[in-house]
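Peer 1: So here's run-v8.pdb, just PDB, C-alpha atoms, pLDDT in the B column:
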```
ATOM      1  CA  MET A   1      42.236-126.874 -18.053  1.00 92.00           C
ATOM      2  CA  LEU A   2      43.277-126.261 -14.472  1.00 95.00           C
ATOM      3  CA  ILE A   3      46.963-126.807 -15.216  1.00 95.00           C
ATOM      4  CA  ASP A   4      46.861-123.939 -17.743  1.00 95.00           C
ATOM      5  CA  LEU A   5      45.403-121.642 -15.088  1.00 95.00           C
ATOM      6  CA  LEU A   6      48.072-122.751 -12.605  1.00 95.00           C
ATOM      7  CA  ARG A   7      50.812-122.093 -15.153  1.00 94.00           C
ATOM      8  CA  THR A   8      49.694-118.515 -15.765  1.00 94.00           C
ATOM      9  CA  ARG A   9      48.257-117.222 -12.492  1.00 93.00           C
ATOM     10  CA  ARG A  10      50.219-115.076 -10.053  1.00 94.00           C
ATOM     11  CA  SER A  11      49.411-113.262  -6.855  1.00 94.00           C
ATOM     12  CA  LEU A  12      48.557-109.675  -7.769  1.00 95.00           C
ATOM     13  CA  ARG A  13      48.476-106.770  -5.335  1.00 96.00           C
ATOM     14  CA  ARG A  14      47.572-103.835  -7.584  1.00 97.00           C
ATOM     15  CA  PHE A  15      44.015-103.222  -8.687  1.00 98.00           C
ATOM     16  CA  THR A  16      42.012-100.710 -10.658  1.00 97.00           C
ATOM     17  CA  ASP A  17      39.199 -98.801  -8.952  1.00 95.00           C
ATOM     18  CA  GLN A  18      36.594-100.862 -10.824  1.00 97.00           C
ATOM     19  CA  PRO A  19      34.375-102.805  -8.414  1.00 98.00           C
ATOM     20  CA  VAL A  20      34.102-106.567  -8.754  1.00 98.00           C
ATOM     21  CA  GLU A  21      30.866-107.293 -10.561  1.00 98.00           C
ATOM     22  CA  PRO A  22      28.092-108.950  -8.498  1.00 98.00           C
ATOM     23  CA  GLU A  23      27.993-111.987 -10.793  1.00 98.00           C
ATOM     24  CA  LYS A  24      31.742-112.512 -10.311  1.00 98.00           C
ATOM     25  CA  LEU A  25      31.392-112.141  -6.549  1.00 98.00           C
ATOM     26  CA  ALA A  26      28.642-114.759  -6.643  1.00 98.00           C
ATOM     27  CA  LEU A  27      30.975-117.171  -8.472  1.00 98.00           C
ATOM     28  CA  LEU A  28      33.803-116.520  -6.001  1.00 98.00           C
ATOM     29  CA  LEU A  29      31.487-117.344  -3.111  1.00 98.00           C
ATOM     30  CA  GLU A  30      30.088-120.398  -4.870  1.00 98.00           C
ATOM     31  CA  ALA A  31      33.631-121.693  -5.376  1.00 98.00           C
ATOM     32  CA  ALA A  32      34.313-121.219  -1.668  1.00 98.00           C
ATOM     33  CA  LEU A  33      31.087-122.938  -0.643  1.00 98.00           C
ATOM     34  CA  ARG A  34      31.816-125.892  -2.948  1.00 98.00           C
ATOM     35  CA  SER A  35      35.159-126.392  -1.260  1.00 97.00           C
ATOM     36  CA  PRO A  36      35.773-129.872   0.112  1.00 97.00           C
ATOM     37  CA  SER A  37      35.867-130.193   3.866  1.00 97.00           C
ATOM     38  CA  SER A  38      36.565-133.055   6.222  1.00 96.00           C
ATOM     39  CA  LYS A  39      33.424-135.106   6.857  1.00 95.00           C
ATOM     40  CA  GLY A  40      31.418-132.363   5.135  1.00 95.00           C
ATOM     41  CA  ASN A  41      31.564-130.252   8.310  1.00 96.00           C
ATOM     42  CA  ASN A  42      31.995-126.991   6.402  1.00 97.00           C
ATOM     43  CA  PRO A  43      33.463-125.116   9.377  1.00 98.00           C
ATOM     44  CA  TRP A  44      34.170-121.973   7.352  1.00 98.00           C
ATOM     45  CA  GLU A  45      32.484-118.601   7.274  1.00 98.00           C
ATOM     46  CA  PHE A  46      33.166-115.939   4.640  1.00 98.00           C
ATOM     47  CA  ILE A  47      32.894-112.214   5.256  1.00 98.00           C
ATOM     48  CA  VAL A  48      32.595-110.072   2.122  1.00 98.00           C
ATOM     49  CA  VAL A  49      34.009-106.588   2.614  1.00 98.00           C
ATOM     50  CA  THR A  50      33.627-103.785   0.056  1.00 98.00           C
ATOM     51  CA  ASP A  51      33.366-100.750   2.339  1.00 98.00           C
ATOM     52  CA  ARG A  52      36.477 -98.601   1.728  1.00 97.00           C
ATOM     53  CA  GLU A  53      36.916 -97.640   5.393  1.00 98.00           C
ATOM     54  CA  ARG A  54      36.587-101.220   6.600  1.00 98.00           C
ATOM     55  CA  ILE A  55      39.063-102.380   3.937  1.00 98.00           C
ATOM     56  CA  LYS A  56      41.470 -99.685   5.138  1.00 98.00           C
ATOM     57  CA  ALA A  57      41.109-101.118   8.650  1.00 98.00           C
ATOM     58  CA  LEU A  58      41.759-104.638   7.309  1.00 98.00           C
ATOM     59  CA  SER A  59      44.976-103.425   5.686  1.00 98.00           C
ATOM     60  CA  VAL A  60      46.550-102.939   9.132  1.00 98.00           C
ATOM     61  CA  ALA A  61      45.423-106.274  10.576  1.00 98.00           C
ATOM     62  CA  LYS A  62      48.998-107.570  10.625  1.00 97.00           C
ATOM     63  CA  ALA A  63      52.470-106.078  10.752  1.00 96.00           C
ATOM     64  CA  HIS A  64      53.572-106.956   7.212  1.00 95.00           C
ATOM     65  CA  GLY A  65      51.939-108.069   3.988  1.00 96.00           C
ATOM     66  CA  ALA A  66      48.439-106.602   4.238  1.00 98.00           C
ATOM     67  CA  SER A  67      48.956-102.938   3.328  1.00 97.00           C
ATOM     68  CA  PHE A  68      48.166-103.554  -0.362  1.00 98.00           C
ATOM     69  CA  LEU A  69      44.562-104.276   0.640  1.00 98.00           C
ATOM     70  CA  VAL A  70      43.916-100.562   1.018  1.00 97.00           C
ATOM     71  CA  ASN A  71      43.482-100.407  -2.780  1.00 96.00           C
ATOM     72  CA  ALA A  72      41.500-103.632  -3.198  1.00 98.00           C
ATOM     73  CA  PRO A  73      37.831-103.138  -4.076  1.00 98.00           C
ATOM     74  CA  LEU A  74      36.929-106.473  -2.472  1.00 98.00           C
ATOM     75  CA  VAL A  75      38.276-108.476   0.438  1.00 98.00           C
ATOM     76  CA  ILE A  76      36.948-111.872   1.454  1.00 98.00           C
ATOM     77  CA  VAL A  77      37.824-112.782   5.027  1.00 98.00           C
ATOM     78  CA  VAL A  78      37.972-116.536   5.602  1.00 98.00           C
ATOM     79  CA  CYS A  79      37.103-117.661   9.119  1.00 98.00           C
ATOM     80  CA  ALA A  80      36.251-121.014  10.651  1.00 98.00           C
ATOM     81  CA  ASP A  81      34.767-122.498  13.786  1.00 97.00           C
ATOM     82  CA  PRO A  82      37.223-124.933  15.422  1.00 98.00           C
ATOM     83  CA  ALA A  83      34.303-126.458  17.356  1.00 97.00           C
ATOM     84  CA  LYS A  84      32.934-127.794  14.055  1.00 96.00           C
ATOM     85  CA  SER A  85      36.131-129.504  12.932  1.00 97.00           C
ATOM     86  CA  ASP A  86      39.568-130.369  14.274  1.00 97.00           C
ATOM     87  CA  VAL A  87      40.925-129.719  10.776  1.00 98.00           C
ATOM     88  CA  TRP A  88      39.374-126.275  10.384  1.00 98.00           C
ATOM     89  CA  VAL A  89      42.739-124.818   9.293  1.00 98.00           C
ATOM     90  CA  GLU A  90      43.004-127.242   6.386  1.00 98.00           C
ATOM     91  CA  ASP A  91      39.346-126.820   5.403  1.00 98.00           C
ATOM     92  CA  ALA A  92      39.584-123.016   5.478  1.00 98.00           C
ATOM     93  CA  ALA A  93      42.875-123.112   3.551  1.00 98.00           C
ATOM     94  CA  ILE A  94      41.305-125.209   0.798  1.00 98.00           C
ATOM     95  CA  ALA A  95      38.408-122.743   0.549  1.00 98.00           C
ATOM     96  CA  THR A  96      40.844-119.814   0.422  1.00 98.00           C
ATOM     97  CA  THR A  97      42.771-121.503  -2.374  1.00 98.00           C
ATOM     98  CA  LEU A  98      39.589-122.020  -4.371  1.00 98.00           C
ATOM     99  CA  ILE A  99      38.675-118.332  -3.987  1.00 98.00           C
ATOM    100  CA  HIS A 100      42.154-117.469  -5.239  1.00 96.00           C
ATOM    101  CA  LEU A 101      41.887-119.817  -8.237  1.00 97.00           C
ATOM    102  CA  GLU A 102      38.342-118.738  -9.120  1.00 98.00           C
ATOM    103  CA  ALA A 103      39.484-115.118  -9.105  1.00 98.00           C
ATOM    104  CA  ALA A 104      42.211-115.966 -11.636  1.00 97.00           C
ATOM    105  CA  ASP A 105      39.733-117.922 -13.749  1.00 97.00           C
ATOM    106  CA  LEU A 106      37.454-114.852 -13.825  1.00 98.00           C
ATOM    107  CA  GLY A 107      40.319-112.611 -14.961  1.00 97.00           C
ATOM    108  CA  LEU A 108      40.595-110.970 -11.547  1.00 98.00           C
ATOM    109  CA  GLY A 109      43.745-110.402  -9.565  1.00 97.00           C
ATOM    110  CA  SER A 110      44.038-111.654  -6.006  1.00 98.00           C
ATOM    111  CA  CYS A 111      46.481-112.123  -3.181  1.00 97.00           C
ATOM    112  CA  TRP A 112      46.258-114.171   0.007  1.00 97.00           C
ATOM    113  CA  VAL A 113      46.958-112.499   3.366  1.00 98.00           C
ATOM    114  CA  GLN A 114      47.699-115.004   6.123  1.00 97.00           C
ATOM    115  CA  LEU A 115      46.350-113.947   9.538  1.00 98.00           C
ATOM    116  CA  ARG A 116      46.351-117.037  11.737  1.00 98.00           C
ATOM    117  CA  LEU A 117      49.016-116.750  14.440  1.00 97.00           C
ATOM    118  CA  ARG A 118      50.041-113.268  13.242  1.00 98.00           C
ATOM    119  CA  GLU A 119      50.497-110.016  15.108  1.00 98.00           C
ATOM    120  CA  ARG A 120      49.866-106.386  14.322  1.00 98.00           C
ATOM    121  CA  GLU A 121      52.538-103.706  14.170  1.00 96.00           C
ATOM    122  CA  ASP A 122      51.981-102.908  17.863  1.00 97.00           C
ATOM    123  CA  GLY A 123      52.436-106.557  18.878  1.00 96.00           C
ATOM    124  CA  THR A 124      48.762-107.236  19.548  1.00 97.00           C
ATOM    125  CA  SER A 125      47.053-110.286  18.106  1.00 98.00           C
ATOM    126  CA  SER A 126      45.660-110.089  14.580  1.00 98.00           C
ATOM    127  CA  GLN A 127      42.911-112.467  15.737  1.00 98.00           C
ATOM    128  CA  GLU A 128      41.768-110.137  18.511  1.00 98.00           C
ATOM    129  CA  TYR A 129      41.844-107.142  16.173  1.00 98.00           C
ATOM    130  CA  MET A 130      39.802-108.935  13.518  1.00 98.00           C
ATOM    131  CA  SER A 131      37.323-110.256  16.084  1.00 98.00           C
ATOM    132  CA  GLY A 132      36.627-106.721  17.258  1.00 98.00           C
ATOM    133  CA  LEU A 133      36.571-105.202  13.780  1.00 98.00           C
ATOM    134  CA  LEU A 134      34.228-107.794  12.289  1.00 98.00           C
ATOM    135  CA  GLY A 135      32.142-108.674  15.358  1.00 98.00           C
ATOM    136  CA  LEU A 136      33.162-112.323  15.310  1.00 98.00           C
ATOM    137  CA  PRO A 137      31.485-114.608  17.837  1.00 98.00           C
ATOM    138  CA  GLU A 138      33.663-116.114  20.541  1.00 96.00           C
ATOM    139  CA  GLY A 139      35.652-119.061  19.248  1.00 97.00           C
ATOM    140  CA  MET A 140      35.494-118.046  15.567  1.00 98.00           C
ATOM    141  CA  LYS A 141      39.019-117.976  14.128  1.00 98.00           C
ATOM    142  CA  VAL A 142      40.361-115.994  11.184  1.00 98.00           C
ATOM    143  CA  LEU A 143      42.635-117.875   8.817  1.00 98.00           C
ATOM    144  CA  ALA A 144      43.195-115.391   6.000  1.00 98.00           C
ATOM    145  CA  MET A 145      41.943-112.608   3.810  1.00 98.00           C
ATOM    146  CA  VAL A 146      41.950-112.510   0.020  1.00 98.00           C
ATOM    147  CA  GLY A 147      42.238-109.116  -1.652  1.00 98.00           C
ATOM    148  CA  ILE A 148      40.517-109.215  -5.028  1.00 98.00           C
ATOM    149  CA  GLY A 149      40.029-106.803  -7.915  1.00 98.00           C
ATOM    150  CA  HIS A 150      40.566-106.072 -11.560  1.00 98.00           C
ATOM    151  CA  PRO A 151      44.349-106.133 -11.985  1.00 97.00           C
ATOM    152  CA  SER A 152      46.103-102.891 -12.897  1.00 96.00           C
ATOM    153  CA  ASP A 153      49.148-104.836 -14.068  1.00 88.00           C
ATOM    154  CA  THR A 154      50.025-108.331 -15.160  1.00 86.00           C
ATOM    155  CA  LYS A 155      52.777-110.768 -14.356  1.00 88.00           C
ATOM    156  CA  LYS A 156      53.897-113.795 -16.303  1.00 92.00           C
ATOM    157  CA  GLY A 157      53.425-117.171 -14.678  1.00 93.00           C
ATOM    158  CA  HIS A 158      56.394-118.786 -13.007  1.00 94.00           C
ATOM    159  CA  PRO A 159      58.550-120.704 -15.527  1.00 93.00           C
ATOM    160  CA  SER A 160      58.731-124.481 -15.379  1.00 93.00           C
ATOM    161  CA  SER A 161      62.394-124.115 -14.450  1.00 94.00           C
ATOM    162  CA  SER A 162      61.310-122.659 -11.099  1.00 96.00           C
ATOM    163  CA  LEU A 163      59.529-125.868 -10.076  1.00 95.00           C
ATOM    164  CA  CYS A 164      61.292-127.645  -7.213  1.00 95.00           C
ATOM    165  CA  LEU A 165      61.396-131.070  -8.820  1.00 92.00           C
ATOM    166  CA  SER A 166      64.016-132.123  -6.274  1.00 92.00           C
ATOM    167  CA  GLN A 167      61.247-132.113  -3.661  1.00 95.00           C
ATOM    168  CA  ILE A 168      59.452-135.069  -5.261  1.00 95.00           C
ATOM    169  CA  SER A 169      60.138-138.588  -3.972  1.00 95.00           C
ATOM    170  CA  TYR A 170      58.818-141.884  -5.290  1.00 94.00           C
ATOM    171  CA  GLU A 171      57.776-144.741  -3.021  1.00 94.00           C
ATOM    172  CA  GLN A 172      59.858-143.429  -0.093  1.00 95.00           C
ATOM    173  CA  PHE A 173      61.437-140.158   0.960  1.00 96.00           C
ATOM    174  CA  GLY A 174      64.573-139.315  -0.946  1.00 94.00           C
ATOM    175  CA  GLN A 175      64.040-141.677  -3.877  1.00 94.00           C
ATOM    176  CA  ARG A 176      64.072-139.116  -6.674  1.00 91.00           C
ATOM    177  CA  SER A 177      63.147-141.285  -9.649  1.00 86.00           C
ATOM    178  CA  ALA A 178      60.334-143.690 -10.314  1.00 83.00           C
TER     179      ALA A 178
END
```
If you convert what's in this file into structure tokens, what do you get?
Peer 2:
Amino acid sequence: MLIDLLRTRRSLRRFTDQPVEPEKLALLLEAALRSPSSKGNNPWEFIVVTDRERIKALSVAKAHGASFLVNAPLVIVVCADPAKSDVWVEDAAIATTLIHLEAADLGLGSCWVQLRLREREDGTSSQEYMSGLLGLPEGMKVLAMVGIGHPSDTKKGHPSSSLCLSQISYEQFGQRSA
């Protein structure tokens, strides 16, 4: 059940050197391509990166939070074309989430790296850097990257006590009980 996966999965940033098997990569990409999108516009594009040097270059795409990628055997870059949909951010975010969840379901570790509206260490745009690095066509936007691999460690899921139940309202904002 999905809820069981959600209760146990965590973002993982440490991976073994073992490559992600082709059949698992195929399932990750199928999950992304089956992602719902507004009006079925499917504005997303997915770039599969396994080359060690290119992954090293991806690990410096933003100032903080991407350095762990240097040890990931697989990175999926999630892009979208804003000309195809005014809700490209939401559509690409849903697809990124499904990649993340499919990785957990396959026993892989993964971690999301947000790139939209981010800057590199030198203050330049992450978008511009990624466009040059990956040869993106004009107008194509990068939302995120997902580092994926066989986990070298495990973490327990977040306990139920960590759920922010006080952020649930019923019928109107602020009404905390049904």
Peer 1: Within 10 Å of region 4-7 of chain A, which residues of region 131-167 of chain A come that close, and what is the closest atom pair and distance in Å for each? Count all atoms listed in the file and give it as a Markdown table.
Peer 2:
```
| residue | atom | partner | partner_atom | distance |
| --- | --- | --- | --- | --- |
| A:Lys156 | CA | A:Arg7 | CA | 8.9 |
| A:Gly157 | CA | A:Arg7 | CA | 5.6 |
| A:His158 | CA | A:Arg7 | CA | 6.8 |
| A:Pro159 | CA | A:Arg7 | CA | 7.9 |
| A:Ser160 | CA | A:Arg7 | CA | 8.3 |
```
Peer 1: Can you turn the PyMOL selection byres ((chain A and resi 55) around 12) into a concrete residue list for this file, as JSON, numbers by chain?
Peer 2: {"A": [47, 48, 49, 50, 51, 52, 53, 54, 56, 57, 58, 59, 60, 61, 66, 67, 68, 69, 70, 71, 72, 73, 74, 75, 76, 77, 130, 133, 134, 145, 146, 147, 148]}
Peer 1: Can you work out the spacing between CA of Asn41 (chain A) and CA of Lys84 (chain A) in Å, to one decimal?
Peer 2: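 Interatomic distance here is 6.4 Å.
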Peer 1: Given the file above and the PyMOL selection byres ((chain A and resi 151) around 10), which residues are selected, and can you give them as a list in words?
Peer 2: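 Taken over the shown coordinates, the PyMOL selection byres ((chain A and resi 151) around 10) returns Leu12, Arg13, Arg14, Phe15, Thr16, Asp17, Gln18, Ala72, Gly107, Leu108, Gly109, Ser110, Ile148, Gly149, His150, Ser152, Asp153, Thr154 and Lys155 of chain A.
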Peer 1: Do you know which residues are at most 12 Å from Ala92 (chain A) counting all atoms listed in the file, after dropping those on the same chain fewer than 3 positions away, and could you put them as a ChimeraX atom specification?
Peer 2: /A:32-38,41-46,77-82,84-89,95-99,114,116,140-145
Peer 1: Determine, counting only C-alpha atoms, every residue of protein, DNA or RNA that lies within 12 Å of (57.2, -113.2, 2.8) in the file coordinates, then give the result as a short mmCIF file (atom, residue, chain, number, x, y, z; two decimals) with C-alpha atoms, in the frame of the given file.
Peer 2:
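Output below, filename out38.cif:
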```cif
data_model
loop_
_atom_site.label_atom_id
_atom_site.label_comp_id
_atom_site.auth_asym_id
_atom_site.auth_seq_id
_atom_site.Cartn_x
_atom_site.Cartn_y
_atom_site.Cartn_z
CA ALA A 63 52.47 -106.08 10.75
CA HIS A 64 53.57 -106.96 7.21
CA GLY A 65 51.94 -108.07 3.99
CA ALA A 66 48.44 -106.60 4.24
CA TRP A 112 46.26 -114.17 0.01
CA VAL A 113 46.96 -112.50 3.37
CA GLN A 114 47.70 -115.00 6.12
#
```
Peer 1: Output the residue selection produced by the PyMOL selection byres ((chain A and resi 27) around 12) on the file above, formatted as a short mmCIF file (atom, residue, chain, number, x, y, z; two decimals) with C-alpha atoms, in the coordinates of the input.
Peer 2:
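This is the output file selection.cif:
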```cif
data_model
loop_
_atom_site.label_atom_id
_atom_site.label_comp_id
_atom_site.auth_asym_id
_atom_site.auth_seq_id
_atom_site.Cartn_x
_atom_site.Cartn_y
_atom_site.Cartn_z
CA VAL A 20 34.10 -106.57 -8.75
CA GLU A 21 30.87 -107.29 -10.56
CA PRO A 22 28.09 -108.95 -8.50
CA GLU A 23 27.99 -111.99 -10.79
CA LYS A 24 31.74 -112.51 -10.31
CA LEU A 25 31.39 -112.14 -6.55
CA ALA A 26 28.64 -114.76 -6.64
CA LEU A 28 33.80 -116.52 -6.00
CA LEU A 29 31.49 -117.34 -3.11
CA GLU A 30 30.09 -120.40 -4.87
CA ALA A 31 33.63 -121.69 -5.38
CA ALA A 32 34.31 -121.22 -1.67
CA LEU A 33 31.09 -122.94 -0.64
CA ARG A 34 31.82 -125.89 -2.95
CA LEU A 98 39.59 -122.02 -4.37
CA ILE A 99 38.67 -118.33 -3.99
CA HIS A 100 42.15 -117.47 -5.24
CA LEU A 101 41.89 -119.82 -8.24
CA GLU A 102 38.34 -118.74 -9.12
CA ALA A 103 39.48 -115.12 -9.10
CA ALA A 104 42.21 -115.97 -11.64
CA ASP A 105 39.73 -117.92 -13.75
CA LEU A 106 37.45 -114.85 -13.82
CA LEU A 108 40.60 -110.97 -11.55
#
```
Peer 1: Would you mind reading off the distance between CA of Cys164 (chain A) and CA of Ala93 (chain A), one decimal, in Å?
Peer 2: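 Straight-line distance from CA of Cys164 (chain A) to CA of Ala93 (chain A) works out to 21.8 Å.
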Peer 1: Expressed in Å to a single decimal, how great is the separation between CA of Glu138 (chain A) and CA of Ser126 (chain A)?
Peer 2: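 These atoms are spaced 14.7 Å apart.
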Peer 1: Nearest residue to Glu128 (chain A) out of A:Leu115, A:Ile3, A:Arg9, A:Ala178, using all atoms listed in the file?
Peer 2: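 Closest residue, counting all atoms listed in the file: A:Leu115.
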